[in-house]
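Novice: Sharing query-v9.cif below, mmCIF, N, CA and C atoms:
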data_work
loop_
_atom_site.label_atom_id
_atom_site.label_comp_id
_atom_site.auth_asym_id
_atom_site.auth_seq_id
_atom_site.Cartn_x
_atom_site.Cartn_y
_atom_site.Cartn_z
N MET A 1 -16.40 -34.37 -11.75
CA MET A 1 -17.08 -33.16 -12.19
C MET A 1 -16.83 -32.05 -11.17
N PRO A 2 -16.21 -30.96 -11.55
CA PRO A 2 -15.91 -29.90 -10.58
C PRO A 2 -17.18 -29.24 -10.10
N SER A 3 -17.22 -28.99 -8.81
CA SER A 3 -18.37 -28.29 -8.25
C SER A 3 -18.05 -26.80 -8.18
N SER A 4 -19.08 -26.02 -7.97
CA SER A 4 -18.84 -24.57 -7.88
C SER A 4 -18.19 -24.26 -6.54
N PRO A 5 -17.47 -23.14 -6.47
CA PRO A 5 -16.79 -22.78 -5.22
C PRO A 5 -17.80 -22.62 -4.07
N ILE A 6 -17.37 -22.97 -2.87
CA ILE A 6 -18.26 -22.85 -1.71
C ILE A 6 -18.31 -21.43 -1.19
N ALA A 7 -17.31 -20.62 -1.50
CA ALA A 7 -17.25 -19.24 -1.03
C ALA A 7 -16.29 -18.47 -1.93
N SER A 8 -16.35 -17.15 -1.83
CA SER A 8 -15.40 -16.32 -2.57
C SER A 8 -14.76 -15.33 -1.61
N VAL A 9 -13.48 -15.07 -1.86
CA VAL A 9 -12.70 -14.20 -0.99
C VAL A 9 -12.01 -13.14 -1.84
N LEU A 10 -12.08 -11.91 -1.38
CA LEU A 10 -11.40 -10.79 -2.02
C LEU A 10 -10.36 -10.25 -1.05
N PHE A 11 -9.10 -10.21 -1.48
CA PHE A 11 -8.02 -9.63 -0.70
C PHE A 11 -7.73 -8.24 -1.24
N VAL A 12 -7.65 -7.26 -0.34
CA VAL A 12 -7.44 -5.88 -0.76
C VAL A 12 -6.28 -5.26 0.01
N CYS A 13 -5.33 -4.69 -0.73
CA CYS A 13 -4.32 -3.83 -0.13
C CYS A 13 -4.15 -2.64 -1.08
N VAL A 14 -3.39 -1.67 -0.69
CA VAL A 14 -3.33 -0.44 -1.46
C VAL A 14 -2.86 -0.68 -2.89
N HIS A 15 -1.70 -1.32 -3.05
CA HIS A 15 -1.09 -1.45 -4.38
C HIS A 15 -1.38 -2.78 -5.06
N ASN A 16 -2.01 -3.73 -4.34
CA ASN A 16 -2.28 -5.06 -4.89
C ASN A 16 -1.01 -5.64 -5.51
N ALA A 17 0.10 -5.44 -4.82
CA ALA A 17 1.39 -5.87 -5.37
C ALA A 17 2.16 -6.78 -4.42
N GLY A 18 1.72 -6.91 -3.17
CA GLY A 18 2.47 -7.70 -2.20
C GLY A 18 1.56 -8.58 -1.36
N ARG A 19 1.07 -8.02 -0.26
CA ARG A 19 0.29 -8.81 0.70
C ARG A 19 -0.93 -9.48 0.07
N SER A 20 -1.73 -8.73 -0.65
CA SER A 20 -2.95 -9.31 -1.22
C SER A 20 -2.62 -10.34 -2.29
N GLN A 21 -1.56 -10.13 -3.04
CA GLN A 21 -1.15 -11.11 -4.05
C GLN A 21 -0.64 -12.40 -3.40
N MET A 22 0.12 -12.27 -2.31
CA MET A 22 0.60 -13.46 -1.61
C MET A 22 -0.57 -14.22 -1.00
N ALA A 23 -1.51 -13.50 -0.41
CA ALA A 23 -2.68 -14.14 0.20
C ALA A 23 -3.50 -14.87 -0.86
N ALA A 24 -3.74 -14.22 -1.98
CA ALA A 24 -4.50 -14.84 -3.06
C ALA A 24 -3.77 -16.08 -3.59
N GLY A 25 -2.45 -15.98 -3.72
CA GLY A 25 -1.66 -17.12 -4.17
C GLY A 25 -1.77 -18.30 -3.24
N PHE A 26 -1.63 -18.06 -1.94
CA PHE A 26 -1.74 -19.15 -0.97
C PHE A 26 -3.15 -19.74 -0.96
N LEU A 27 -4.18 -18.90 -0.99
CA LEU A 27 -5.54 -19.43 -0.94
C LEU A 27 -5.82 -20.31 -2.16
N GLY A 28 -5.44 -19.84 -3.33
CA GLY A 28 -5.63 -20.66 -4.53
C GLY A 28 -4.84 -21.95 -4.48
N HIS A 29 -3.63 -21.88 -3.96
CA HIS A 29 -2.75 -23.05 -3.87
C HIS A 29 -3.28 -24.07 -2.86
N LEU A 30 -3.73 -23.60 -1.70
CA LEU A 30 -4.13 -24.49 -0.62
C LEU A 30 -5.58 -24.95 -0.72
N ALA A 31 -6.46 -24.14 -1.29
CA ALA A 31 -7.88 -24.51 -1.35
C ALA A 31 -8.30 -25.01 -2.73
N GLY A 32 -7.46 -24.80 -3.72
CA GLY A 32 -7.83 -25.23 -5.07
C GLY A 32 -9.05 -24.48 -5.56
N ASP A 33 -9.94 -25.19 -6.24
CA ASP A 33 -11.13 -24.57 -6.81
C ASP A 33 -12.27 -24.45 -5.82
N ARG A 34 -12.09 -24.93 -4.59
CA ARG A 34 -13.18 -24.90 -3.62
C ARG A 34 -13.56 -23.48 -3.22
N ILE A 35 -12.58 -22.56 -3.28
CA ILE A 35 -12.82 -21.19 -2.88
C ILE A 35 -12.38 -20.28 -4.02
N GLU A 36 -13.29 -19.39 -4.42
CA GLU A 36 -12.97 -18.43 -5.48
C GLU A 36 -12.11 -17.33 -4.89
N VAL A 37 -11.06 -16.94 -5.59
CA VAL A 37 -10.09 -15.98 -5.07
C VAL A 37 -10.03 -14.76 -5.98
N ARG A 38 -10.06 -13.57 -5.33
CA ARG A 38 -9.85 -12.31 -6.04
C ARG A 38 -8.87 -11.48 -5.22
N SER A 39 -8.18 -10.57 -5.91
CA SER A 39 -7.37 -9.59 -5.18
C SER A 39 -7.43 -8.29 -5.96
N ALA A 40 -7.27 -7.19 -5.22
CA ALA A 40 -7.36 -5.87 -5.85
C ALA A 40 -6.70 -4.84 -4.94
N GLY A 41 -6.51 -3.64 -5.50
CA GLY A 41 -5.90 -2.56 -4.73
C GLY A 41 -6.63 -1.26 -4.97
N SER A 42 -6.61 -0.40 -3.95
CA SER A 42 -7.25 0.91 -4.10
C SER A 42 -6.43 1.82 -5.01
N LEU A 43 -5.11 1.64 -5.02
CA LEU A 43 -4.21 2.36 -5.94
C LEU A 43 -3.20 1.34 -6.47
N PRO A 44 -3.62 0.48 -7.43
CA PRO A 44 -2.74 -0.62 -7.84
C PRO A 44 -1.41 -0.16 -8.40
N GLY A 45 -0.38 -0.95 -8.09
CA GLY A 45 0.96 -0.66 -8.59
C GLY A 45 1.12 -1.11 -10.03
N ASP A 46 2.33 -0.95 -10.55
CA ASP A 46 2.63 -1.32 -11.93
C ASP A 46 2.87 -2.82 -12.09
N GLN A 47 3.38 -3.46 -11.03
CA GLN A 47 3.71 -4.88 -11.10
C GLN A 47 3.68 -5.46 -9.69
N VAL A 48 3.61 -6.80 -9.63
CA VAL A 48 3.69 -7.48 -8.35
C VAL A 48 5.13 -7.34 -7.83
N ASN A 49 5.26 -7.09 -6.55
CA ASN A 49 6.55 -6.91 -5.88
C ASN A 49 7.45 -8.13 -6.17
N PRO A 50 8.62 -7.90 -6.81
CA PRO A 50 9.51 -9.02 -7.14
C PRO A 50 9.95 -9.82 -5.91
N ALA A 51 10.12 -9.17 -4.76
CA ALA A 51 10.50 -9.90 -3.55
C ALA A 51 9.36 -10.80 -3.09
N ALA A 52 8.11 -10.37 -3.28
CA ALA A 52 6.95 -11.21 -2.94
C ALA A 52 6.89 -12.41 -3.89
N VAL A 53 7.14 -12.18 -5.17
CA VAL A 53 7.15 -13.27 -6.16
C VAL A 53 8.21 -14.29 -5.77
N GLU A 54 9.42 -13.82 -5.42
CA GLU A 54 10.51 -14.73 -5.05
C GLU A 54 10.20 -15.50 -3.77
N ALA A 55 9.67 -14.79 -2.76
CA ALA A 55 9.35 -15.45 -1.49
C ALA A 55 8.27 -16.51 -1.69
N MET A 56 7.28 -16.23 -2.52
CA MET A 56 6.22 -17.20 -2.78
C MET A 56 6.76 -18.39 -3.57
N ALA A 57 7.66 -18.14 -4.52
CA ALA A 57 8.26 -19.23 -5.29
C ALA A 57 9.00 -20.19 -4.36
N GLU A 58 9.67 -19.65 -3.34
CA GLU A 58 10.35 -20.48 -2.35
C GLU A 58 9.37 -21.39 -1.62
N ALA A 59 8.11 -20.92 -1.49
CA ALA A 59 7.08 -21.71 -0.80
C ALA A 59 6.30 -22.60 -1.78
N GLY A 60 6.74 -22.62 -3.05
CA GLY A 60 6.10 -23.48 -4.03
C GLY A 60 4.86 -22.90 -4.68
N VAL A 61 4.69 -21.57 -4.59
CA VAL A 61 3.52 -20.92 -5.18
C VAL A 61 3.99 -19.87 -6.19
N ASP A 62 3.51 -20.00 -7.43
CA ASP A 62 3.93 -19.10 -8.49
C ASP A 62 2.90 -17.98 -8.65
N ILE A 63 3.30 -16.74 -8.30
CA ILE A 63 2.42 -15.59 -8.53
C ILE A 63 3.03 -14.65 -9.57
N SER A 64 4.02 -15.15 -10.31
CA SER A 64 4.74 -14.30 -11.26
C SER A 64 3.86 -13.82 -12.41
N GLY A 65 2.79 -14.54 -12.71
CA GLY A 65 1.92 -14.15 -13.81
C GLY A 65 0.81 -13.20 -13.42
N GLN A 66 0.77 -12.79 -12.16
CA GLN A 66 -0.31 -11.91 -11.67
C GLN A 66 0.01 -10.45 -11.96
N ASN A 67 -1.03 -9.65 -12.06
CA ASN A 67 -0.89 -8.21 -12.24
C ASN A 67 -1.79 -7.50 -11.25
N PRO A 68 -1.33 -6.37 -10.70
CA PRO A 68 -2.19 -5.59 -9.80
C PRO A 68 -3.47 -5.15 -10.52
N LYS A 69 -4.58 -5.23 -9.79
CA LYS A 69 -5.88 -4.87 -10.33
C LYS A 69 -6.54 -3.80 -9.47
N ILE A 70 -7.37 -2.97 -10.09
CA ILE A 70 -8.07 -1.91 -9.36
C ILE A 70 -9.26 -2.51 -8.60
N LEU A 71 -9.47 -2.04 -7.40
CA LEU A 71 -10.60 -2.44 -6.58
C LEU A 71 -11.89 -1.90 -7.20
N THR A 72 -12.86 -2.78 -7.40
CA THR A 72 -14.15 -2.35 -7.93
C THR A 72 -15.26 -2.72 -6.96
N THR A 73 -16.33 -1.97 -7.02
CA THR A 73 -17.51 -2.26 -6.22
C THR A 73 -18.03 -3.65 -6.56
N GLU A 74 -17.98 -4.01 -7.84
CA GLU A 74 -18.47 -5.32 -8.27
C GLU A 74 -17.69 -6.46 -7.63
N ALA A 75 -16.38 -6.29 -7.49
CA ALA A 75 -15.57 -7.34 -6.87
C ALA A 75 -15.97 -7.54 -5.41
N VAL A 76 -16.25 -6.44 -4.72
CA VAL A 76 -16.69 -6.54 -3.32
C VAL A 76 -18.06 -7.21 -3.25
N GLN A 77 -18.98 -6.78 -4.10
CA GLN A 77 -20.33 -7.34 -4.09
C GLN A 77 -20.33 -8.84 -4.39
N ALA A 78 -19.40 -9.30 -5.21
CA ALA A 78 -19.35 -10.71 -5.63
C ALA A 78 -18.63 -11.60 -4.63
N SER A 79 -18.13 -11.04 -3.53
CA SER A 79 -17.32 -11.80 -2.57
C SER A 79 -18.06 -12.04 -1.26
N ASP A 80 -17.83 -13.22 -0.67
CA ASP A 80 -18.40 -13.53 0.64
C ASP A 80 -17.53 -12.95 1.75
N TYR A 81 -16.22 -12.99 1.54
CA TYR A 81 -15.25 -12.46 2.49
C TYR A 81 -14.48 -11.34 1.81
N VAL A 82 -14.28 -10.24 2.54
CA VAL A 82 -13.44 -9.15 2.06
C VAL A 82 -12.38 -8.94 3.13
N ILE A 83 -11.13 -9.21 2.76
CA ILE A 83 -10.02 -9.13 3.71
C ILE A 83 -9.12 -7.97 3.30
N THR A 84 -9.08 -6.96 4.15
CA THR A 84 -8.28 -5.78 3.87
C THR A 84 -6.94 -5.88 4.60
N MET A 85 -5.95 -5.25 3.99
CA MET A 85 -4.58 -5.26 4.52
C MET A 85 -4.02 -3.86 4.37
N GLY A 86 -4.52 -2.94 5.17
CA GLY A 86 -3.99 -1.59 5.16
C GLY A 86 -4.55 -0.70 4.06
N CYS A 87 -5.80 -0.96 3.61
CA CYS A 87 -6.34 -0.07 2.57
C CYS A 87 -7.23 1.01 3.17
N GLY A 88 -7.29 1.06 4.49
CA GLY A 88 -8.05 2.13 5.15
C GLY A 88 -9.51 2.12 4.77
N ASP A 89 -10.06 3.29 4.48
CA ASP A 89 -11.48 3.42 4.18
C ASP A 89 -11.77 3.28 2.69
N ALA A 90 -10.80 2.87 1.90
CA ALA A 90 -10.99 2.81 0.45
C ALA A 90 -11.92 1.68 0.03
N CYS A 91 -12.15 0.72 0.90
CA CYS A 91 -12.93 -0.45 0.55
C CYS A 91 -14.41 -0.20 0.84
N PRO A 92 -15.27 -0.33 -0.17
CA PRO A 92 -16.70 -0.13 0.07
C PRO A 92 -17.26 -1.25 0.95
N VAL A 93 -18.25 -0.92 1.76
CA VAL A 93 -18.84 -1.88 2.69
C VAL A 93 -20.27 -2.19 2.26
N PHE A 94 -20.57 -3.47 2.17
CA PHE A 94 -21.92 -3.93 1.81
C PHE A 94 -22.41 -4.89 2.89
N PRO A 95 -23.71 -4.87 3.16
CA PRO A 95 -24.25 -5.82 4.14
C PRO A 95 -24.12 -7.26 3.65
N GLY A 96 -24.00 -8.18 4.60
CA GLY A 96 -23.95 -9.60 4.26
C GLY A 96 -22.57 -10.14 3.94
N LYS A 97 -21.56 -9.28 3.93
CA LYS A 97 -20.18 -9.72 3.67
C LYS A 97 -19.46 -9.87 5.01
N LYS A 98 -18.51 -10.76 5.06
CA LYS A 98 -17.68 -10.87 6.25
C LYS A 98 -16.40 -10.07 5.98
N TYR A 99 -16.17 -9.04 6.78
CA TYR A 99 -14.99 -8.20 6.61
C TYR A 99 -13.98 -8.54 7.69
N LEU A 100 -12.73 -8.71 7.27
CA LEU A 100 -11.62 -8.94 8.18
C LEU A 100 -10.53 -7.95 7.81
N ASP A 101 -9.84 -7.43 8.80
CA ASP A 101 -8.70 -6.56 8.52
C ASP A 101 -7.47 -7.23 9.11
N TRP A 102 -6.55 -7.58 8.23
CA TRP A 102 -5.32 -8.24 8.66
C TRP A 102 -4.21 -7.19 8.72
N ALA A 103 -3.75 -6.91 9.93
CA ALA A 103 -2.64 -5.97 10.11
C ALA A 103 -1.34 -6.71 9.80
N LEU A 104 -0.83 -6.46 8.61
CA LEU A 104 0.40 -7.11 8.16
C LEU A 104 1.37 -6.04 7.69
N GLU A 105 2.64 -6.26 7.96
CA GLU A 105 3.66 -5.33 7.49
C GLU A 105 3.65 -5.27 5.98
N ASP A 106 3.84 -4.08 5.44
CA ASP A 106 3.86 -3.88 3.99
C ASP A 106 5.22 -4.32 3.45
N PRO A 107 5.25 -5.25 2.48
CA PRO A 107 6.54 -5.69 1.94
C PRO A 107 7.17 -4.73 0.92
N ALA A 108 6.49 -3.64 0.60
CA ALA A 108 7.01 -2.71 -0.40
C ALA A 108 8.40 -2.22 -0.02
N GLY A 109 9.31 -2.29 -0.98
CA GLY A 109 10.66 -1.79 -0.77
C GLY A 109 11.56 -2.69 0.05
N LYS A 110 11.09 -3.86 0.44
CA LYS A 110 11.88 -4.78 1.26
C LYS A 110 12.45 -5.90 0.38
N GLY A 111 13.56 -6.43 0.82
CA GLY A 111 14.17 -7.57 0.14
C GLY A 111 13.47 -8.86 0.53
N VAL A 112 13.79 -9.94 -0.17
CA VAL A 112 13.11 -11.21 0.06
C VAL A 112 13.28 -11.71 1.50
N ALA A 113 14.43 -11.46 2.13
CA ALA A 113 14.62 -11.91 3.51
C ALA A 113 13.62 -11.25 4.46
N SER A 114 13.26 -9.99 4.18
CA SER A 114 12.29 -9.29 5.02
C SER A 114 10.85 -9.66 4.66
N VAL A 115 10.65 -10.18 3.45
CA VAL A 115 9.31 -10.56 3.01
C VAL A 115 8.92 -11.95 3.52
N ARG A 116 9.91 -12.82 3.76
CA ARG A 116 9.61 -14.20 4.20
C ARG A 116 8.74 -14.25 5.44
N PRO A 117 9.03 -13.48 6.51
CA PRO A 117 8.16 -13.56 7.69
C PRO A 117 6.73 -13.09 7.40
N ILE A 118 6.58 -12.11 6.52
CA ILE A 118 5.25 -11.64 6.13
C ILE A 118 4.53 -12.75 5.39
N ARG A 119 5.23 -13.38 4.45
CA ARG A 119 4.68 -14.53 3.70
C ARG A 119 4.22 -15.62 4.65
N ASP A 120 5.05 -15.95 5.64
CA ASP A 120 4.73 -17.04 6.56
C ASP A 120 3.51 -16.69 7.42
N GLU A 121 3.39 -15.44 7.84
CA GLU A 121 2.23 -14.99 8.60
C GLU A 121 0.97 -15.07 7.74
N ILE A 122 1.08 -14.69 6.48
CA ILE A 122 -0.06 -14.77 5.56
C ILE A 122 -0.49 -16.22 5.40
N ARG A 123 0.47 -17.13 5.21
CA ARG A 123 0.11 -18.55 5.06
C ARG A 123 -0.65 -19.06 6.28
N THR A 124 -0.19 -18.72 7.47
CA THR A 124 -0.86 -19.14 8.70
C THR A 124 -2.29 -18.61 8.73
N ARG A 125 -2.47 -17.35 8.36
CA ARG A 125 -3.82 -16.77 8.35
C ARG A 125 -4.71 -17.41 7.29
N ILE A 126 -4.12 -17.75 6.15
CA ILE A 126 -4.89 -18.40 5.08
C ILE A 126 -5.33 -19.79 5.53
N GLU A 127 -4.46 -20.52 6.19
CA GLU A 127 -4.84 -21.86 6.68
C GLU A 127 -6.00 -21.77 7.66
N THR A 128 -5.97 -20.77 8.55
CA THR A 128 -7.07 -20.54 9.50
C THR A 128 -8.35 -20.15 8.76
N LEU A 129 -8.21 -19.28 7.75
CA LEU A 129 -9.36 -18.85 6.96
C LEU A 129 -10.02 -20.03 6.25
N ILE A 130 -9.23 -20.92 5.66
CA ILE A 130 -9.78 -22.09 4.97
C ILE A 130 -10.57 -22.94 5.96
N THR A 131 -10.03 -23.15 7.15
CA THR A 131 -10.73 -23.92 8.18
C THR A 131 -12.07 -23.27 8.53
N GLU A 132 -12.06 -21.94 8.67
CA GLU A 132 -13.30 -21.21 8.99
C GLU A 132 -14.31 -21.33 7.86
N ILE A 133 -13.87 -21.16 6.62
CA ILE A 133 -14.78 -21.25 5.48
C ILE A 133 -15.35 -22.66 5.37
N ASP A 134 -14.51 -23.68 5.55
CA ASP A 134 -14.99 -25.06 5.49
C ASP A 134 -16.06 -25.30 6.56
N ALA A 135 -15.82 -24.78 7.77
CA ALA A 135 -16.79 -24.96 8.85
C ALA A 135 -18.08 -24.18 8.57
N ARG A 136 -17.95 -23.00 8.03
CA ARG A 136 -19.12 -22.14 7.80
C ARG A 136 -19.97 -22.62 6.62
N TYR A 137 -19.31 -23.09 5.57
CA TYR A 137 -20.02 -23.46 4.35
C TYR A 137 -20.11 -24.97 4.12
N GLY A 138 -19.54 -25.74 5.05
CA GLY A 138 -19.65 -27.20 4.96
C GLY A 138 -19.03 -27.80 3.72
N ALA A 139 -17.76 -27.56 3.52
CA ALA A 139 -17.07 -28.11 2.34
C ALA A 139 -17.13 -29.62 2.33
N GLU A 140 -17.25 -30.15 1.14
CA GLU A 140 -17.24 -31.60 1.01
C GLU A 140 -15.82 -32.12 1.23
N ALA A 141 -15.73 -33.26 1.89
CA ALA A 141 -14.41 -33.86 2.11
C ALA A 141 -13.87 -34.38 0.79
N LYS A 142 -12.60 -34.21 0.59
CA LYS A 142 -11.96 -34.68 -0.66
C LYS A 142 -11.74 -36.18 -0.57
#
Translate this structure into structure tokens?
Specialist:
Amino acid sequence: MPSSPIASVLFVCVHNAGRSQMAAGFLGHLAGDRIEVRSAGSLPGDQVNPAAVEAMAEAGVDISGQNPKILTTEAVQASDYVITMGCGDACPVFPGKKYLDWALEDPAGKGVASVRPIRDEIRTRIETLITEIDARYGAEAK
């Protein structure tokens, strides 16, 4: 019987087309249903960056079906963690949320070879985040 998620995480970048989509993809892939995942952008793009899609596919994570979404106040309010990636002051701040700002290079306009190191840095940060969430919320052992 599936249990409800122990925490929810919202990833925010300007276009919701690269960094935040890769982060959401990794979190969903590595944490499964234990952690609820959202992503959004302050000025969402038309599509997910094809180089990000390709780089993630190489890592065994399919984000090809994702679409950039607009950042809403409701998405922030519904999240335990709000992780920004270069969205500046566009993200609303609410008490009781854990805010993190990840300084990551923007993959926009870059080829897949240039996106791979960004992808790998995101995966490392996601693995650390999962460990922190498990420690904070006491995830059940699988």
Novice: Please write the residues picked by the PyMOL selection byres ((chain A and resi 7-15) around 8) on this file as a ChimeraX atom specification.
Specialist: /A:4-6,16-21,23-24,33-48,67-71,75-76,78-88,91,133,137
Novice: Check what the PyMOL selection byres (((chain A and resi 30 and name CA) around 12) and name CA) selects in the file above and give those residues as a VMD selection string.
Specialist: chain A and resid 23 to 29 31 to 37 59 to 61 123 to 131
Novice: For each of A:Arg116, A:Gln77, A:Ala51, A:Glu58, take the minimum atom-to-atom distance to A:Tyr99, counting only C-alpha atoms, then give the residue where this is smallest.
Specialist: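 Closest to A:Tyr99 of all the choices is A:Gln77.
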Novice: Any idea what the distance is between atom CA of A:Glu54 and atom CA of A:Asp101?
Specialist: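 Straight-line distance from atom CA of A:Glu54 to atom CA of A:Asp101 works out to 24.9 Å.
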Novice: Go through A:Ile118, A:Glu132, A:Gly138, A:Met56 and flag the residue nearest A:Asp106, using all atoms listed in the file for the distances.
Specialist: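 Closest to A:Asp106 of all the choices is A:Ile118.
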